[in-house]
file start12.txt (compact mmCIF, N, CA and C atoms)
# COMPACT_ATOMS: atom_id res chain seq x y z
N MET A 1 5.72 12.37 6.51
CA MET A 1 5.11 11.30 5.73
C MET A 1 5.71 9.97 6.20
N HIS A 2 4.88 8.97 6.25
CA HIS A 2 5.25 7.62 6.65
C HIS A 2 5.63 6.84 5.38
N VAL A 3 6.78 6.14 5.41
CA VAL A 3 7.25 5.37 4.26
C VAL A 3 7.56 3.94 4.69
N THR A 4 7.08 2.98 3.92
CA THR A 4 7.41 1.58 4.12
C THR A 4 8.52 1.21 3.16
N VAL A 5 9.62 0.68 3.69
CA VAL A 5 10.75 0.23 2.88
C VAL A 5 10.79 -1.29 2.98
N ASP A 6 10.49 -1.96 1.88
CA ASP A 6 10.45 -3.42 1.84
C ASP A 6 11.71 -3.93 1.16
N VAL A 7 12.63 -4.49 1.95
CA VAL A 7 13.85 -5.09 1.41
C VAL A 7 13.49 -6.54 1.10
N LYS A 8 13.32 -6.84 -0.17
CA LYS A 8 12.83 -8.16 -0.60
C LYS A 8 13.69 -9.29 -0.07
N GLY A 9 13.02 -10.27 0.52
CA GLY A 9 13.69 -11.45 1.05
C GLY A 9 14.34 -11.21 2.40
N GLU A 10 14.16 -10.01 2.96
CA GLU A 10 14.80 -9.71 4.25
C GLU A 10 13.80 -9.10 5.21
N ALA A 11 13.78 -7.79 5.32
CA ALA A 11 12.95 -7.12 6.32
C ALA A 11 12.14 -6.01 5.70
N THR A 12 11.14 -5.56 6.46
CA THR A 12 10.35 -4.40 6.09
C THR A 12 10.50 -3.37 7.19
N TYR A 13 10.75 -2.13 6.79
CA TYR A 13 10.97 -1.04 7.74
C TYR A 13 9.88 0.01 7.57
N GLU A 14 9.45 0.56 8.68
CA GLU A 14 8.48 1.66 8.69
C GLU A 14 9.24 2.90 9.14
N LEU A 15 9.34 3.90 8.28
CA LEU A 15 10.12 5.10 8.58
C LEU A 15 9.28 6.36 8.46
N GLU A 16 9.63 7.36 9.24
CA GLU A 16 9.05 8.69 9.11
C GLU A 16 10.05 9.56 8.38
N LEU A 17 9.63 10.21 7.30
CA LEU A 17 10.55 11.03 6.51
C LEU A 17 11.17 12.15 7.33
N GLU A 18 10.43 12.69 8.29
CA GLU A 18 10.98 13.75 9.11
C GLU A 18 12.20 13.26 9.90
N ALA A 19 12.14 12.04 10.42
CA ALA A 19 13.26 11.46 11.15
C ALA A 19 14.43 11.18 10.22
N VAL A 20 14.13 10.71 9.01
CA VAL A 20 15.18 10.45 8.02
C VAL A 20 15.86 11.76 7.65
N ALA A 21 15.07 12.81 7.45
CA ALA A 21 15.63 14.12 7.10
C ALA A 21 16.53 14.64 8.21
N ALA A 22 16.11 14.46 9.46
CA ALA A 22 16.90 14.94 10.59
C ALA A 22 18.24 14.22 10.69
N ALA A 23 18.28 12.96 10.30
CA ALA A 23 19.50 12.16 10.38
C ALA A 23 20.37 12.28 9.13
N SER A 24 19.87 12.93 8.09
CA SER A 24 20.57 13.03 6.82
C SER A 24 21.85 13.84 6.94
N ASP A 25 22.87 13.43 6.18
CA ASP A 25 24.14 14.17 6.12
C ASP A 25 23.92 15.56 5.53
N ARG A 26 22.88 15.72 4.73
CA ARG A 26 22.61 16.99 4.06
C ARG A 26 21.85 17.95 4.96
N HIS A 27 21.45 17.50 6.14
CA HIS A 27 20.60 18.30 7.01
C HIS A 27 21.39 19.39 7.72
N ASP A 28 20.99 20.61 7.52
CA ASP A 28 21.50 21.75 8.28
C ASP A 28 20.44 22.83 8.25
N GLU A 29 20.74 23.99 8.77
CA GLU A 29 19.71 25.03 8.83
C GLU A 29 19.22 25.47 7.47
N HIS A 30 20.01 25.26 6.41
CA HIS A 30 19.61 25.67 5.06
C HIS A 30 18.75 24.63 4.36
N THR A 31 18.81 23.39 4.82
CA THR A 31 18.06 22.31 4.16
C THR A 31 17.01 21.70 5.07
N ALA A 32 16.62 22.41 6.09
CA ALA A 32 15.68 21.86 7.07
C ALA A 32 14.38 21.41 6.42
N GLU A 33 13.98 22.06 5.34
CA GLU A 33 12.74 21.71 4.65
C GLU A 33 12.97 20.75 3.48
N ALA A 34 14.22 20.34 3.24
CA ALA A 34 14.53 19.49 2.10
C ALA A 34 13.92 18.10 2.29
N THR A 35 13.36 17.57 1.21
CA THR A 35 12.81 16.23 1.24
C THR A 35 13.95 15.22 1.15
N PRO A 36 13.96 14.20 2.00
CA PRO A 36 15.01 13.18 1.92
C PRO A 36 14.98 12.46 0.57
N THR A 37 16.13 11.97 0.17
CA THR A 37 16.24 11.22 -1.08
C THR A 37 16.11 9.72 -0.79
N TYR A 38 16.04 8.94 -1.86
CA TYR A 38 16.00 7.49 -1.70
C TYR A 38 17.32 6.99 -1.10
N ALA A 39 18.43 7.66 -1.38
CA ALA A 39 19.71 7.30 -0.76
C ALA A 39 19.65 7.51 0.75
N ASP A 40 18.97 8.57 1.19
CA ASP A 40 18.79 8.80 2.63
C ASP A 40 18.00 7.66 3.27
N LEU A 41 16.96 7.17 2.57
CA LEU A 41 16.20 6.03 3.07
C LEU A 41 17.09 4.80 3.21
N LEU A 42 17.94 4.58 2.21
CA LEU A 42 18.84 3.43 2.25
C LEU A 42 19.80 3.52 3.43
N ARG A 43 20.35 4.71 3.66
CA ARG A 43 21.23 4.90 4.82
C ARG A 43 20.49 4.60 6.13
N ALA A 44 19.23 4.99 6.19
CA ALA A 44 18.44 4.77 7.41
C ALA A 44 18.25 3.28 7.71
N VAL A 45 18.28 2.44 6.67
CA VAL A 45 18.14 0.99 6.88
C VAL A 45 19.49 0.28 6.70
N GLU A 46 20.55 1.07 6.74
CA GLU A 46 21.93 0.57 6.69
C GLU A 46 22.26 -0.21 5.43
N LEU A 47 21.84 0.33 4.28
CA LEU A 47 22.19 -0.24 2.98
C LEU A 47 22.88 0.82 2.13
N SER A 48 23.72 0.38 1.22
CA SER A 48 24.42 1.28 0.32
C SER A 48 23.72 1.31 -1.04
N PRO A 49 23.63 2.47 -1.68
CA PRO A 49 23.04 2.54 -3.02
C PRO A 49 23.82 1.71 -4.04
N HIS A 50 25.07 1.35 -3.71
CA HIS A 50 25.89 0.57 -4.63
C HIS A 50 25.54 -0.92 -4.62
N GLU A 51 24.78 -1.36 -3.62
CA GLU A 51 24.47 -2.79 -3.52
C GLU A 51 23.00 -3.11 -3.76
N VAL A 52 22.18 -2.09 -4.05
CA VAL A 52 20.75 -2.32 -4.21
C VAL A 52 20.18 -1.49 -5.36
N SER A 53 18.97 -1.86 -5.76
CA SER A 53 18.15 -1.05 -6.65
C SER A 53 16.89 -0.69 -5.90
N VAL A 54 16.46 0.56 -6.05
CA VAL A 54 15.25 1.04 -5.40
C VAL A 54 14.14 1.09 -6.44
N LEU A 55 12.99 0.49 -6.11
CA LEU A 55 11.86 0.45 -7.03
C LEU A 55 10.65 1.13 -6.39
N VAL A 56 9.94 1.89 -7.21
CA VAL A 56 8.66 2.46 -6.81
C VAL A 56 7.66 2.05 -7.88
N ASP A 57 6.60 1.40 -7.48
CA ASP A 57 5.61 0.85 -8.41
C ASP A 57 6.26 -0.03 -9.47
N GLY A 58 7.28 -0.81 -9.06
CA GLY A 58 7.94 -1.75 -9.95
C GLY A 58 8.95 -1.15 -10.90
N ARG A 59 9.19 0.16 -10.79
CA ARG A 59 10.14 0.83 -11.68
C ARG A 59 11.31 1.39 -10.89
N PRO A 60 12.53 1.26 -11.42
CA PRO A 60 13.70 1.78 -10.71
C PRO A 60 13.64 3.31 -10.62
N VAL A 61 14.13 3.84 -9.50
CA VAL A 61 14.23 5.28 -9.32
C VAL A 61 15.67 5.62 -8.94
N PRO A 62 16.16 6.77 -9.39
CA PRO A 62 17.52 7.19 -9.01
C PRO A 62 17.59 7.48 -7.51
N GLU A 63 18.69 7.08 -6.90
CA GLU A 63 18.79 7.26 -5.45
C GLU A 63 18.88 8.73 -5.04
N ASP A 64 19.22 9.63 -5.97
CA ASP A 64 19.30 11.05 -5.62
C ASP A 64 17.97 11.79 -5.78
N GLN A 65 16.91 11.07 -6.17
CA GLN A 65 15.57 11.66 -6.29
C GLN A 65 14.96 11.87 -4.91
N PRO A 66 14.19 12.94 -4.72
CA PRO A 66 13.46 13.09 -3.46
C PRO A 66 12.39 12.01 -3.33
N VAL A 67 12.17 11.54 -2.11
CA VAL A 67 11.17 10.51 -1.86
C VAL A 67 9.77 11.09 -2.09
N GLU A 68 9.01 10.45 -2.98
CA GLU A 68 7.67 10.90 -3.30
C GLU A 68 6.63 9.80 -3.14
N SER A 69 7.05 8.64 -2.65
CA SER A 69 6.15 7.50 -2.53
C SER A 69 6.12 7.03 -1.08
N ASP A 70 5.00 6.45 -0.69
CA ASP A 70 4.90 5.94 0.67
C ASP A 70 5.25 4.46 0.77
N HIS A 71 5.59 3.82 -0.36
CA HIS A 71 6.03 2.42 -0.35
C HIS A 71 7.19 2.27 -1.34
N VAL A 72 8.29 1.73 -0.85
CA VAL A 72 9.51 1.56 -1.65
C VAL A 72 9.94 0.10 -1.53
N THR A 73 10.30 -0.48 -2.66
CA THR A 73 10.85 -1.84 -2.67
C THR A 73 12.34 -1.76 -2.95
N VAL A 74 13.13 -2.50 -2.19
CA VAL A 74 14.57 -2.52 -2.37
C VAL A 74 14.99 -3.94 -2.73
N LEU A 75 15.76 -4.06 -3.81
CA LEU A 75 16.29 -5.35 -4.25
C LEU A 75 17.79 -5.33 -4.11
N ARG A 76 18.33 -6.31 -3.39
CA ARG A 76 19.79 -6.44 -3.31
C ARG A 76 20.31 -6.95 -4.64
N LEU A 77 21.39 -6.33 -5.12
CA LEU A 77 22.01 -6.77 -6.36
C LEU A 77 22.95 -7.94 -6.13
N ILE A 78 23.60 -7.95 -4.98
CA ILE A 78 24.54 -9.00 -4.63
C ILE A 78 24.24 -9.43 -3.20
N LYS A 79 24.17 -10.74 -3.00
CA LYS A 79 23.93 -11.25 -1.65
C LYS A 79 24.66 -12.57 -1.49
N GLY A 80 25.08 -12.84 -0.30
CA GLY A 80 25.75 -14.11 -0.04
C GLY A 80 27.21 -13.88 0.38
N GLY A 81 27.95 -14.96 0.39
CA GLY A 81 29.33 -14.76 0.81
C GLY A 81 30.11 -15.98 0.87

call {"tool": "encode", "arguments": {"input": "start12.txt", "output": "structure tokens"}}
result
Amino acid sequence: MHVTVDVKGEATYELELEAVAAASDRHDEHTAEATPTYADLLRAVELSPHEVSVLVDGRPVPEDQPVESDHVTVLRLIKGG
């Protein structure tokens, strides 16, 4: 499945879930069919679940949920320096 990850105010990423699953820390022969989580998507775009909120259809989703949407919005909680 193709997923668009829109990091508001920054960049938009186009990802394939199969590639995210292959790169996941949870990936091994026992989880080859496992659906990646929203935390896996965040890792793929080099963000930490501790610094962002993930929204699907404008509603927050837990980062440990399996990805079920083809469009995800990411909001940084803290930015600047």

call {"tool": "closest_residue", "arguments": {"input": "start12.txt", "among": "A:Leu47, A:Ala23, A:Tyr38, A:His2", "to": "Val61 (chain A)", "atoms": "all atoms listed in the file"}}
result
A:Tyr38

call {"tool": "atom_distance", "arguments": {"input": "start12.txt", "atom1": "CA of Pro36 (chain A)", "atom2": "CA of Ile78 (chain A)"}}
result
25.0 Å

call {"tool": "residues_around", "arguments": {"input": "start12.txt", "residues": "Arg76 (chain A)", "least_positions_apart": "2", "cutoff": "6 Å", "atoms": "all atoms listed in the file", "output": "list in words"}}
result
Lys8, Glu51, Val52, Ser53, Val74, Ile78 and Lys79 of chain A

call {"tool": "select_by_dssp", "arguments": {"input": "start12.txt", "residues": "chain A", "states": "strand (DSSP E)", "output": "MDAnalysis selection string"}}
result
chainID A and resid 2:7 12:16 52:56 59:60 71:76

call {"tool": "write_last_selection", "arguments": {"input": "start12.txt", "atoms": "N, CA and C atoms", "output": "short mmCIF file (atom, residue, chain, number, x, y, z; two decimals), in the coordinates of the input"}}
result
data_model
loop_
_atom_site.label_atom_id
_atom_site.label_comp_id
_atom_site.auth_asym_id
_atom_site.auth_seq_id
_atom_site.Cartn_x
_atom_site.Cartn_y
_atom_site.Cartn_z
N HIS A 2 4.88 8.97 6.25
CA HIS A 2 5.25 7.62 6.65
C HIS A 2 5.63 6.84 5.38
N VAL A 3 6.78 6.14 5.41
CA VAL A 3 7.25 5.37 4.26
C VAL A 3 7.56 3.94 4.69
N THR A 4 7.08 2.98 3.92
CA THR A 4 7.41 1.58 4.12
C THR A 4 8.52 1.21 3.16
N VAL A 5 9.62 0.68 3.69
CA VAL A 5 10.75 0.23 2.88
C VAL A 5 10.79 -1.29 2.98
N ASP A 6 10.49 -1.96 1.88
CA ASP A 6 10.45 -3.42 1.84
C ASP A 6 11.71 -3.93 1.16
N VAL A 7 12.63 -4.49 1.95
CA VAL A 7 13.85 -5.09 1.41
C VAL A 7 13.49 -6.54 1.10
N THR A 12 11.14 -5.56 6.46
CA THR A 12 10.35 -4.40 6.09
C THR A 12 10.50 -3.37 7.19
N TYR A 13 10.75 -2.13 6.79
CA TYR A 13 10.97 -1.04 7.74
C TYR A 13 9.88 0.01 7.57
N GLU A 14 9.45 0.56 8.68
CA GLU A 14 8.48 1.66 8.69
C GLU A 14 9.24 2.90 9.14
N LEU A 15 9.34 3.90 8.28
CA LEU A 15 10.12 5.10 8.58
C LEU A 15 9.28 6.36 8.46
N GLU A 16 9.63 7.36 9.24
CA GLU A 16 9.05 8.69 9.11
C GLU A 16 10.05 9.56 8.38
N VAL A 52 22.18 -2.09 -4.05
CA VAL A 52 20.75 -2.32 -4.21
C VAL A 52 20.18 -1.49 -5.36
N SER A 53 18.97 -1.86 -5.76
CA SER A 53 18.15 -1.05 -6.65
C SER A 53 16.89 -0.69 -5.90
N VAL A 54 16.46 0.56 -6.05
CA VAL A 54 15.25 1.04 -5.40
C VAL A 54 14.14 1.09 -6.44
N LEU A 55 12.99 0.49 -6.11
CA LEU A 55 11.86 0.45 -7.03
C LEU A 55 10.65 1.13 -6.39
N VAL A 56 9.94 1.89 -7.21
CA VAL A 56 8.66 2.46 -6.81
C VAL A 56 7.66 2.05 -7.88
N ARG A 59 9.19 0.16 -10.79
CA ARG A 59 10.14 0.83 -11.68
C ARG A 59 11.31 1.39 -10.89
N PRO A 60 12.53 1.26 -11.42
CA PRO A 60 13.70 1.78 -10.71
C PRO A 60 13.64 3.31 -10.62
N HIS A 71 5.59 3.82 -0.36
CA HIS A 71 6.03 2.42 -0.35
C HIS A 71 7.19 2.27 -1.34
N VAL A 72 8.29 1.73 -0.85
CA VAL A 72 9.51 1.56 -1.65
C VAL A 72 9.94 0.10 -1.53
N THR A 73 10.30 -0.48 -2.66
CA THR A 73 10.85 -1.84 -2.67
C THR A 73 12.34 -1.76 -2.95
N VAL A 74 13.13 -2.50 -2.19
CA VAL A 74 14.57 -2.52 -2.37
C VAL A 74 14.99 -3.94 -2.73
N LEU A 75 15.76 -4.06 -3.81
CA LEU A 75 16.29 -5.35 -4.25
C LEU A 75 17.79 -5.33 -4.11
N ARG A 76 18.33 -6.31 -3.39
CA ARG A 76 19.79 -6.44 -3.31
C ARG A 76 20.31 -6.95 -4.64
#

call {"tool": "atom_distance", "arguments": {"input": "start12.txt", "atom1": "CA of Thr35 (chain A)", "atom2": "atom N of Gly9 (chain A)"}}
result
26.5 Å

call {"tool": "atom_distance", "arguments": {"input": "start12.txt", "atom1": "CA of Ala22 (chain A)", "atom2": "CA of Arg59 (chain A)"}}
result
27.2 Å

call {"tool": "build_atoms", "arguments": {"input": "start12.txt", "residues": "region 57-68 of chain A", "atoms": "all heavy atoms", "output": "PDB file, keeping the file's coordinate frame"}}
result
ATOM      1  N   ASP A  57       6.600   1.400  -7.480  1.00  0.00           N
ATOM      2  CA  ASP A  57       5.610   0.850  -8.410  1.00  0.00           C
ATOM      3  C   ASP A  57       6.260  -0.030  -9.470  1.00  0.00           C
ATOM      4  O   ASP A  57       5.883  -0.015 -10.632  1.00  0.00           O
ATOM      5  CB  ASP A  57       4.826   1.984  -9.077  1.00  0.00           C
ATOM      6  CG  ASP A  57       3.987   2.758  -8.082  1.00  0.00           C
ATOM      7  OD1 ASP A  57       3.525   2.160  -7.091  1.00  0.00           O
ATOM      8  OD2 ASP A  57       3.797   3.976  -8.293  1.00  0.00           O
ATOM      9  N   GLY A  58       7.280  -0.810  -9.060  1.00  0.00           N
ATOM     10  CA  GLY A  58       7.940  -1.750  -9.950  1.00  0.00           C
ATOM     11  C   GLY A  58       8.950  -1.150 -10.900  1.00  0.00           C
ATOM     12  O   GLY A  58       9.533  -1.845 -11.716  1.00  0.00           O
ATOM     13  N   ARG A  59       9.190   0.160 -10.790  1.00  0.00           N
ATOM     14  CA  ARG A  59      10.140   0.830 -11.680  1.00  0.00           C
ATOM     15  C   ARG A  59      11.310   1.390 -10.890  1.00  0.00           C
ATOM     16  O   ARG A  59      11.119   1.955  -9.813  1.00  0.00           O
ATOM     17  CB  ARG A  59       9.452   1.972 -12.415  1.00  0.00           C
ATOM     18  CG  ARG A  59       8.374   1.463 -13.318  1.00  0.00           C
ATOM     19  CD  ARG A  59       7.739   2.563 -14.071  1.00  0.00           C
ATOM     20  NE  ARG A  59       6.694   1.979 -14.908  1.00  0.00           N
ATOM     21  CZ  ARG A  59       5.992   2.637 -15.753  1.00  0.00           C
ATOM     22  NH1 ARG A  59       6.176   3.934 -15.899  1.00  0.00           N
ATOM     23  NH2 ARG A  59       5.083   2.037 -16.475  1.00  0.00           N
ATOM     24  N   PRO A  60      12.530   1.260 -11.420  1.00  0.00           N
ATOM     25  CA  PRO A  60      13.700   1.780 -10.710  1.00  0.00           C
ATOM     26  C   PRO A  60      13.640   3.310 -10.620  1.00  0.00           C
ATOM     27  O   PRO A  60      13.172   3.976 -11.544  1.00  0.00           O
ATOM     28  CB  PRO A  60      14.886   1.340 -11.554  1.00  0.00           C
ATOM     29  CG  PRO A  60      14.352   0.632 -12.729  1.00  0.00           C
ATOM     30  CD  PRO A  60      12.874   0.594 -12.659  1.00  0.00           C
ATOM     31  N   VAL A  61      14.130   3.840  -9.500  1.00  0.00           N
ATOM     32  CA  VAL A  61      14.230   5.280  -9.320  1.00  0.00           C
ATOM     33  C   VAL A  61      15.670   5.620  -8.940  1.00  0.00           C
ATOM     34  O   VAL A  61      16.342   4.834  -8.274  1.00  0.00           O
ATOM     35  CB  VAL A  61      13.272   5.807  -8.226  1.00  0.00           C
ATOM     36  CG1 VAL A  61      11.828   5.650  -8.648  1.00  0.00           C
ATOM     37  CG2 VAL A  61      13.502   5.141  -6.895  1.00  0.00           C
ATOM     38  N   PRO A  62      16.160   6.770  -9.390  1.00  0.00           N
ATOM     39  CA  PRO A  62      17.520   7.190  -9.010  1.00  0.00           C
ATOM     40  C   PRO A  62      17.590   7.480  -7.510  1.00  0.00           C
ATOM     41  O   PRO A  62      16.653   8.038  -6.943  1.00  0.00           O
ATOM     42  CB  PRO A  62      17.748   8.480  -9.806  1.00  0.00           C
ATOM     43  CG  PRO A  62      16.673   8.523 -10.842  1.00  0.00           C
ATOM     44  CD  PRO A  62      15.536   7.702 -10.324  1.00  0.00           C
ATOM     45  N   GLU A  63      18.690   7.080  -6.900  1.00  0.00           N
ATOM     46  CA  GLU A  63      18.790   7.260  -5.450  1.00  0.00           C
ATOM     47  C   GLU A  63      18.880   8.730  -5.040  1.00  0.00           C
ATOM     48  O   GLU A  63      18.632   9.068  -3.884  1.00  0.00           O
ATOM     49  CB  GLU A  63      19.960   6.465  -4.863  1.00  0.00           C
ATOM     50  CG  GLU A  63      21.309   6.923  -5.311  1.00  0.00           C
ATOM     51  CD  GLU A  63      21.832   6.192  -6.543  1.00  0.00           C
ATOM     52  OE1 GLU A  63      21.127   5.351  -7.114  1.00  0.00           O
ATOM     53  OE2 GLU A  63      22.963   6.486  -6.929  1.00  0.00           O
ATOM     54  N   ASP A  64      19.220   9.630  -5.970  1.00  0.00           N
ATOM     55  CA  ASP A  64      19.300  11.050  -5.620  1.00  0.00           C
ATOM     56  C   ASP A  64      17.970  11.790  -5.780  1.00  0.00           C
ATOM     57  O   ASP A  64      17.885  12.986  -5.521  1.00  0.00           O
ATOM     58  CB  ASP A  64      20.411  11.742  -6.409  1.00  0.00           C
ATOM     59  CG  ASP A  64      20.203  11.705  -7.907  1.00  0.00           C
ATOM     60  OD1 ASP A  64      19.292  10.992  -8.384  1.00  0.00           O
ATOM     61  OD2 ASP A  64      20.968  12.384  -8.619  1.00  0.00           O
ATOM     62  N   GLN A  65      16.910  11.070  -6.170  1.00  0.00           N
ATOM     63  CA  GLN A  65      15.570  11.660  -6.290  1.00  0.00           C
ATOM     64  C   GLN A  65      14.960  11.870  -4.910  1.00  0.00           C
ATOM     65  O   GLN A  65      15.129  11.036  -4.029  1.00  0.00           O
ATOM     66  CB  GLN A  65      14.648  10.727  -7.065  1.00  0.00           C
ATOM     67  CG  GLN A  65      14.839  10.727  -8.545  1.00  0.00           C
ATOM     68  CD  GLN A  65      14.327  11.992  -9.163  1.00  0.00           C
ATOM     69  OE1 GLN A  65      15.113  12.774  -9.642  1.00  0.00           O
ATOM     70  NE2 GLN A  65      13.034  12.209  -9.148  1.00  0.00           N
ATOM     71  N   PRO A  66      14.190  12.940  -4.720  1.00  0.00           N
ATOM     72  CA  PRO A  66      13.460  13.090  -3.460  1.00  0.00           C
ATOM     73  C   PRO A  66      12.390  12.010  -3.330  1.00  0.00           C
ATOM     74  O   PRO A  66      11.791  11.593  -4.318  1.00  0.00           O
ATOM     75  CB  PRO A  66      12.792  14.465  -3.586  1.00  0.00           C
ATOM     76  CG  PRO A  66      13.460  15.145  -4.722  1.00  0.00           C
ATOM     77  CD  PRO A  66      14.035  14.084  -5.597  1.00  0.00           C
ATOM     78  N   VAL A  67      12.170  11.540  -2.110  1.00  0.00           N
ATOM     79  CA  VAL A  67      11.170  10.510  -1.860  1.00  0.00           C
ATOM     80  C   VAL A  67       9.770  11.090  -2.090  1.00  0.00           C
ATOM     81  O   VAL A  67       9.415  12.111  -1.505  1.00  0.00           O
ATOM     82  CB  VAL A  67      11.283   9.966  -0.428  1.00  0.00           C
ATOM     83  CG1 VAL A  67      10.186   8.950  -0.148  1.00  0.00           C
ATOM     84  CG2 VAL A  67      12.655   9.361  -0.195  1.00  0.00           C
ATOM     85  N   GLU A  68       9.010  10.450  -2.980  1.00  0.00           N
ATOM     86  CA  GLU A  68       7.670  10.900  -3.300  1.00  0.00           C
ATOM     87  C   GLU A  68       6.630   9.800  -3.140  1.00  0.00           C
ATOM     88  O   GLU A  68       5.474   9.994  -3.481  1.00  0.00           O
ATOM     89  CB  GLU A  68       7.629  11.464  -4.718  1.00  0.00           C
ATOM     90  CG  GLU A  68       8.510  12.681  -4.910  1.00  0.00           C
ATOM     91  CD  GLU A  68       8.537  13.179  -6.331  1.00  0.00           C
ATOM     92  OE1 GLU A  68       8.045  12.465  -7.233  1.00  0.00           O
ATOM     93  OE2 GLU A  68       9.060  14.280  -6.539  1.00  0.00           O
TER      94      GLU A  68
END
